[in-house]
Structure formats: structure tokens, C-alpha cells
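Student: File input-v6.pdb follows (PDB, C-alpha atoms):
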ATOM      1  CA  MET F   1     -18.349  11.895 -10.663
ATOM      2  CA  PRO F   2     -21.431  13.875  -9.817
ATOM      3  CA  GLU F   3     -20.515  14.875  -6.237
ATOM      4  CA  THR F   4     -16.870  15.865  -6.787
ATOM      5  CA  ASN F   5     -14.276  16.227  -9.505
ATOM      6  CA  GLY F   6     -11.034  14.356 -10.091
ATOM      7  CA  ILE F   7      -8.811  17.125  -8.783
ATOM      8  CA  ASP F   8     -10.722  17.428  -5.495
ATOM      9  CA  LEU F   9     -10.618  13.653  -5.109
ATOM     10  CA  ALA F  10      -6.852  13.686  -5.734
ATOM     11  CA  VAL F  11      -6.409  16.380  -3.059
ATOM     12  CA  SER F  12      -8.227  14.198  -0.526
ATOM     13  CA  LEU F  13      -6.066  11.190  -1.473
ATOM     14  CA  LYS F  14      -2.945  13.177  -0.565
ATOM     15  CA  ALA F  15      -3.889  12.683   3.099
ATOM     16  CA  TYR F  16      -2.873   9.012   2.840
ATOM     17  CA  GLU F  17       0.723   8.030   3.562
ATOM     18  CA  ILE F  18       0.806   5.976   0.388
ATOM     19  CA  LYS F  19       0.405   8.069  -2.718
ATOM     20  CA  PRO F  20      -1.552   6.499  -5.569
ATOM     21  CA  TYR F  21      -0.584   6.925  -9.192
ATOM     22  CA  LEU F  22      -2.861   9.675 -10.487
ATOM     23  CA  ILE F  23      -3.762   9.571 -14.158
ATOM     24  CA  PHE F  24      -6.317  12.105 -15.279
ATOM     25  CA  VAL F  25      -8.475  11.504 -18.343
ATOM     26  CA  SER F  26     -10.472  14.501 -19.499
ATOM     27  CA  THR F  27     -12.088  16.139 -22.485
ATOM     28  CA  VAL F  28     -11.169  19.532 -21.009
ATOM     29  CA  GLU F  29      -7.511  19.744 -21.983
ATOM     30  CA  SER F  30      -6.997  23.069 -20.205
ATOM     31  CA  LEU F  31      -7.426  21.241 -16.864
ATOM     32  CA  VAL F  32      -3.942  19.820 -17.252
ATOM     33  CA  TYR F  33      -2.492  22.911 -15.523
ATOM     34  CA  GLN F  34      -4.862  22.599 -12.555
ATOM     35  CA  THR F  35      -3.780  18.992 -12.017
ATOM     36  CA  PHE F  36      -0.173  20.070 -11.360
ATOM     37  CA  LYS F  37      -1.029  20.932  -7.756
ATOM     38  CA  VAL F  38      -1.709  17.226  -7.055
ATOM     39  CA  ASN F  39       1.356  15.968  -8.949
ATOM     40  CA  PRO F  40      -0.333  13.554 -11.368
ATOM     41  CA  PHE F  41       1.576  10.763 -13.032
ATOM     42  CA  TRP F  42      -0.033  11.606 -16.376
ATOM     43  CA  PHE F  43      -2.820  13.524 -18.084
ATOM     44  CA  ILE F  44      -4.582  11.816 -20.991
ATOM     45  CA  ARG F  45      -6.635  13.823 -23.429
ATOM     46  CA  LYS F  46      -9.836  11.857 -23.863
ATOM     47  CA  ARG F  47      -9.953  12.301 -27.630
ATOM     48  CA  PHE F  48      -6.471  10.741 -27.839
ATOM     49  CA  CYS F  49      -7.038   8.110 -25.163
ATOM     50  CA  GLU F  50      -6.647   5.141 -27.480
ATOM     51  CA  SER F  51      -3.345   6.373 -28.909
ATOM     52  CA  GLU F  52      -1.876   7.764 -25.648
ATOM     53  CA  LEU F  53      -2.864   4.901 -23.323
ATOM     54  CA  PRO F  54      -0.131   2.451 -24.421
ATOM     55  CA  GLU F  55       2.573   5.043 -23.664
ATOM     56  CA  VAL F  56       1.041   5.765 -20.252
ATOM     57  CA  ILE F  57       0.824   2.075 -19.348
ATOM     58  CA  THR F  58       4.444   1.508 -20.403
ATOM     59  CA  ALA F  59       5.617   4.468 -18.301
ATOM     60  CA  LEU F  60       3.489   3.377 -15.337
ATOM     61  CA  LEU F  61       4.849  -0.180 -15.392
ATOM     62  CA  ALA F  62       8.422   1.104 -15.623
ATOM     63  CA  ASP F  63       7.877   3.390 -12.640
ATOM     64  CA  MET F  64       6.254   0.612 -10.637
ATOM     65  CA  ARG F  65       9.210  -1.707 -11.344
ATOM     66  CA  ILE F  66      11.585   0.927  -9.956
ATOM     67  CA  HIS F  67       9.538   1.138  -6.748
ATOM     68  CA  LEU F  68       9.497  -2.654  -6.410
ATOM     69  CA  LEU F  69      13.279  -2.551  -6.237
ATOM     70  CA  GLU F  70      13.255  -0.098  -3.314
ATOM     71  CA  THR F  71      14.919  -1.297  -0.155
ATOM     72  CA  ILE F  72      15.322  -0.199   3.417
ATOM     73  CA  THR F  73      18.412  -0.953   5.465
ATOM     74  CA  LEU F  74      18.365  -1.825   9.155
ATOM     75  CA  ASN F  75      21.391  -1.856  11.448
ATOM     76  CA  CYS F  76      20.814  -4.193  14.353
ATOM     77  CA  ALA F  77      22.736  -6.625  16.531
ATOM     78  CA  HIS F  78      26.028  -6.046  14.699
ATOM     79  CA  SER F  79      24.389  -6.946  11.391
ATOM     80  CA  ILE F  80      22.964  -5.014   8.472
ATOM     81  CA  TYR F  81      19.718  -6.209   6.892
ATOM     82  CA  THR F  82      18.335  -5.093   3.557
ATOM     83  CA  LEU F  83      14.564  -5.453   3.269
ATOM     84  CA  HIS F  84      12.333  -5.170   0.222
ATOM     85  CA  PRO F  85       9.220  -3.568   1.766
ATOM     86  CA  LEU F  86       6.790  -4.139  -1.100
ATOM     87  CA  SER F  87       7.507  -7.892  -1.027
ATOM     88  CA  ILE F  88       6.828  -8.223   2.709
ATOM     89  CA  CYS F  89       3.357  -9.585   3.570
ATOM     90  CA  TYR F  90       3.520  -9.003   7.313
ATOM     91  CA  VAL F  91       5.803  -8.683  10.319
ATOM     92  CA  GLU F  92       5.208 -10.491  13.580
ATOM     93  CA  CYS F  93       6.954  -9.655  16.857
ATOM     94  CA  GLN F  94       7.605 -12.434  19.387
ATOM     95  CA  ASN F  95       9.900 -11.941  22.391
ATOM     96  CA  LYS F  96      11.590  -8.873  20.848
ATOM     97  CA  ILE F  97      12.394 -10.795  17.657
ATOM     98  CA  LEU F  98      10.753  -9.697  14.413
ATOM     99  CA  HIS F  99       9.685 -12.458  12.064
ATOM    100  CA  ILE F 100       9.440 -10.912   8.611
ATOM    101  CA  HIS F 101       7.165 -12.875   6.291
ATOM    102  CA  TYR F 102       7.672 -12.294   2.582
ATOM    103  CA  ALA F 103       5.348 -13.193  -0.282
ATOM    104  CA  ASN F 104       7.988 -15.798  -1.133
ATOM    105  CA  PRO F 105       8.411 -17.773   2.145
ATOM    106  CA  VAL F 106      12.014 -18.681   1.229
ATOM    107  CA  GLN F 107      12.940 -15.044   1.934
ATOM    108  CA  ASN F 108      11.476 -15.018   5.479
ATOM    109  CA  ILE F 109      13.909 -13.809   8.130
ATOM    110  CA  SER F 110      13.983 -13.187  11.866
ATOM    111  CA  ILE F 111      15.891 -10.244  13.325
ATOM    112  CA  PRO F 112      16.330  -8.602  16.721
ATOM    113  CA  TYR F 113      14.654  -5.224  16.195
ATOM    114  CA  THR F 114      11.750  -3.289  17.676
ATOM    115  CA  LEU F 115       8.385  -3.383  15.956
ATOM    116  CA  SER F 116       7.774   0.322  16.587
ATOM    117  CA  SER F 117      11.073   1.238  14.880
ATOM    118  CA  LEU F 118      10.301  -0.946  11.875
ATOM    119  CA  GLU F 119       6.769   0.456  11.776
ATOM    120  CA  LYS F 120       8.210   3.952  11.192
ATOM    121  CA  GLU F 121      10.372   2.626   8.369
ATOM    122  CA  LEU F 122       7.508   0.718   6.703
ATOM    123  CA  LEU F 123       4.725   3.293   7.079
ATOM    124  CA  PRO F 124       5.425   4.955   3.697
ATOM    125  CA  TYR F 125       5.098   1.547   2.039
ATOM    126  CA  GLY F 126       1.527   0.904   3.206
ATOM    127  CA  PHE F 127       2.028  -1.095   6.375
ATOM    128  CA  LEU F 128      -0.650  -0.992   9.048
ATOM    129  CA  ARG F 129      -0.304  -1.773  12.753
ATOM    130  CA  VAL F 130      -3.356  -3.997  13.173
ATOM    131  CA  HIS F 131      -2.334  -5.540  16.490
ATOM    132  CA  LYS F 132       0.339  -4.806  19.099
ATOM    133  CA  GLY F 133       2.511  -7.549  17.635
ATOM    134  CA  PHE F 134       1.765  -7.284  13.909
ATOM    135  CA  LEU F 135       2.362  -5.014  10.931
ATOM    136  CA  VAL F 136       0.519  -5.912   7.722
ATOM    137  CA  ASN F 137       1.166  -4.777   4.169
ATOM    138  CA  TYR F 138      -2.306  -3.794   2.944
ATOM    139  CA  ARG F 139      -1.469  -5.012  -0.569
ATOM    140  CA  TYR F 140      -1.680  -8.599   0.668
ATOM    141  CA  ILE F 141      -4.971  -8.309   2.563
ATOM    142  CA  PHE F 142      -7.703 -10.543   1.199
ATOM    143  CA  THR F 143     -10.457 -10.107   3.797
ATOM    144  CA  ILE F 144     -10.980  -8.294   7.069
ATOM    145  CA  ASN F 145     -13.376  -9.188   9.830
ATOM    146  CA  ARG F 146     -13.684  -8.388  13.531
ATOM    147  CA  GLN F 147     -11.282 -11.122  14.680
ATOM    148  CA  ASP F 148      -8.600 -11.234  12.018
ATOM    149  CA  ILE F 149      -7.261 -10.345   8.618
ATOM    150  CA  GLN F 150      -6.808 -13.066   6.046
ATOM    151  CA  LEU F 151      -3.936 -12.532   3.649
ATOM    152  CA  ASP F 152      -3.779 -13.624   0.025
ATOM    153  CA  ASN F 153      -1.560 -16.561   1.033
ATOM    154  CA  GLY F 154      -4.172 -17.815   3.548
ATOM    155  CA  ASP F 155      -2.377 -16.650   6.713
ATOM    156  CA  HIS F 156      -4.582 -15.114   9.408
ATOM    157  CA  ILE F 157      -3.415 -12.099  11.420
ATOM    158  CA  PRO F 158      -5.252 -11.105  14.624
ATOM    159  CA  VAL F 159      -6.951  -7.713  14.673
ATOM    160  CA  SER F 160      -7.029  -5.512  17.746
ATOM    161  CA  LYS F 161     -10.401  -3.827  18.149
ATOM    162  CA  HIS F 162      -8.534  -0.803  19.499
ATOM    163  CA  ARG F 163      -6.398  -0.429  16.369
ATOM    164  CA  VAL F 164      -8.746  -1.390  13.547
ATOM    165  CA  ASP F 165     -12.497  -1.352  13.099
ATOM    166  CA  PRO F 166     -12.846  -3.039   9.722
ATOM    167  CA  TYR F 167     -16.493  -2.088   9.475
ATOM    168  CA  GLU F 168     -15.882   1.653   9.899
ATOM    169  CA  ASP F 169     -14.017   2.202   6.652
ATOM    170  CA  GLN F 170     -12.795  -0.898   4.864
ATOM    171  CA  THR F 171     -11.665   1.116   1.843
ATOM    172  CA  MET F 172      -8.809   2.754   3.777
ATOM    173  CA  PHE F 173      -6.943  -0.545   3.457
ATOM    174  CA  PHE F 174      -7.237  -0.768  -0.291
ATOM    175  CA  PRO F 175      -6.137   2.380  -2.086
ATOM    176  CA  TYR F 176      -4.609   0.361  -4.946
ATOM    177  CA  ARG F 177      -6.343  -2.955  -5.192
ATOM    178  CA  LYS F 178      -9.712  -4.558  -5.605
ATOM    179  CA  VAL F 179     -11.571  -4.821  -2.313
ATOM    180  CA  HIS F 180     -12.655  -8.312  -1.404
ATOM    181  CA  PRO F 181     -15.849  -8.525   0.587
ATOM    182  CA  ILE F 182     -15.572  -8.587   4.345
ATOM    183  CA  SER F 183     -16.562 -11.933   5.697
ATOM    184  CA  ALA F 184     -19.112 -11.971   8.503
ATOM    185  CA  ARG F 185     -18.560 -14.071  11.597
TER
END
Would you write the structure of this file as C-alpha cells?
Tutor:
Amino acid sequence: MPETNGIDLAVSLKAYEIKPYLIFVSTVESLVYQTFKVNPFWFIRKRFCESELPEVITALLADMRIHLLETITLNCAHSIYTLHPLSICYVECQNKILHIHYANPVQNISIPYTLSSLEKELLPYGFLRVHKGFLVNYRYIFTINRQDIQLDNGDHIPVSKHRVDPYEDQTMFFPYRKVHPISAR
């Protein structure tokens, strides 16, 4: 990285609500102590990369599985709802009812709750308010254009020009996944 180093890049990533898994790979083993200030997941010594990588991948997958099991609990209308945020594709608000759309449509539910309250709960999980009536989990975004966002499952979510300008910085939506090209309309 000719213009910056990994530690400086990691510091700038801390500004995002969602924290990426940071794994440093370096030939300069003494840098391990400098990486502590950005709380890395792991530090791999480049000369041992081949032997240390399987252990790192195993630990990373185990940690990711734990986070997939995370839930949030909502108390509303004399009922308690348990949501799995990382499995939710998007939330749509219609007439003060939230329609929560999961990756598996069988899990979809509708609850009486405010979108702004749920937005606060889902923000740490990578949800974006792209329109006054929609929250979208960036992990499920396939493409973004001026009119809408297409999700991996083919659903289209409207985009408010006041909330999102997909052409300003499309990478802000994709801290963890491959960016698909923006389609022009």
C-alpha cells in the first residue's frame, strides 16, 4: 500500500459503525505491538503465513458463527420478538407496521414498531436507512443506482436521493463483501 500503511487504514475503518475483522500480515514482526491500538483479530507473520493461516481461518469462522447467532429483543404490543439481525435483508414500514424480510422468506414477520426505534437497534449490524420507509442490511445489496437498490434475492428497494447518493461513495456500503458494479439507468 504505497499511500498508507495497514495500521493507518485500520484507524480510518474504526469510524464505521460496523467493525471489520482486522488480520495483519507482515514481515515486520515487531509491528504486532503497534496493531494493538486498532484491536486486530490476528497478526500473521508473513514467513509463517502458510502454517498460521489455517488456525486463523478456523478462529475467524468460529467467531463469525457466534455473531450470526446474535439476537435483539423487542418489546411491543404486549409481545416480545427476538430478531436475528444478520439474517434480515431489509425492513419496510407501512402504516406503522414493520415488515421484516429475512434471507429465508419463511421467517418474515410483521410487527407494530417504529422504524426509527428499530433503526437504532440495527445500526451496529450494518443497516442503512436508504429511504424514509426502508432499512437495508448492506450485506444483501447487489447493486445500487439512482432509483433503487437491488438485493441479492432480486427485491428492489427505493432510494431517497436525500439519504443516499450511490455515486458519491459506493464503497461505504460494502466493507465486507465484493462490490458489484453499479448499474446505469
Student: Using the chain letters and numbers from this file, what does the PyMOL selection byres ((chain F and resi 12-29) around 6) select? Give the answer as a list in words.
Tutor: Leu9, Ala10, Val11, Ser30, Leu31, Val32, Pro40, Phe41, Trp42, Phe43, Ile44, Arg45, Lys46, Pro124 and Gly126 of chain F
Student: Between atom CA of Leu69 of chain F and atom CA of Leu86 of chain F, what is the distance, to one decimal in Å?
Tutor: 8.4 Å
Student: Counting all atoms listed in the file, figure out which residue out of F:Ala103, F:Leu98, F:Leu53, F:Leu122 gets nearest to Pro85 of chain F.
Tutor: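 Checking each candidate against Pro85 of chain F, we get F:Leu122 as the closest.
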Student: On this structure, the PyMOL selection byres ((chain F and resi 121) around 12) would catch which residues? List them as an NGL selection string, sorted by chain and number.
Tutor: :F and (71-74 or 83-85 or 113-120 or 122-128 or 135)
Student: Report the distance between atom CA of Arg47 of chain F and atom CA of Asp8 of chain F in Å, rounded to one decimal place.
Tutor: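 So the two atoms, atom CA of Arg47 of chain F and atom CA of Asp8 of chain F, lie 22.7 Å apart.
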Student: Any idea what the distance is between atom CA of Ala62 of chain F and atom CA of Asn5 of chain F?
Tutor: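 That distance, rounded to one decimal, is 28.0 Å.
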Student: Where's the centre, and what are the edge lengths in Å to one decimal, of a box along x, y and z enclosing all listed atoms of segment 58-63 of chain F padded 6 Å per side, as lines of an AutoDock Vina configuration file?
Tutor:
center_x = 6.0
center_y = 2.1
center_z = -16.5
size_x = 16.9
size_y = 16.6
size_z = 19.8
Student: Using the chain letters and numbering of this document, enumerate as a PyMOL selection string the residues selected by the PyMOL selection byres ((chain F and resi 77) around 10).
Tutor: chain F and resi 74-76+78-80+111-113
Student: Name the residues in contact with His156 of chain F at a cut-off of 10 Å, using all atoms listed in the file, excluding same-chain residues fewer than 2 positions from it; report them as a ChimeraX atom specification.
Tutor: /F:141-144,147-154,158-159
Student: Counting only C-alpha atoms, which of F:Glu70, F:Glu92, F:Glu50, F:Glu3 gets nearest to Lys132 of chain F?
Tutor: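 With only C-alpha atoms as the atom set, the closest residue is F:Glu92.
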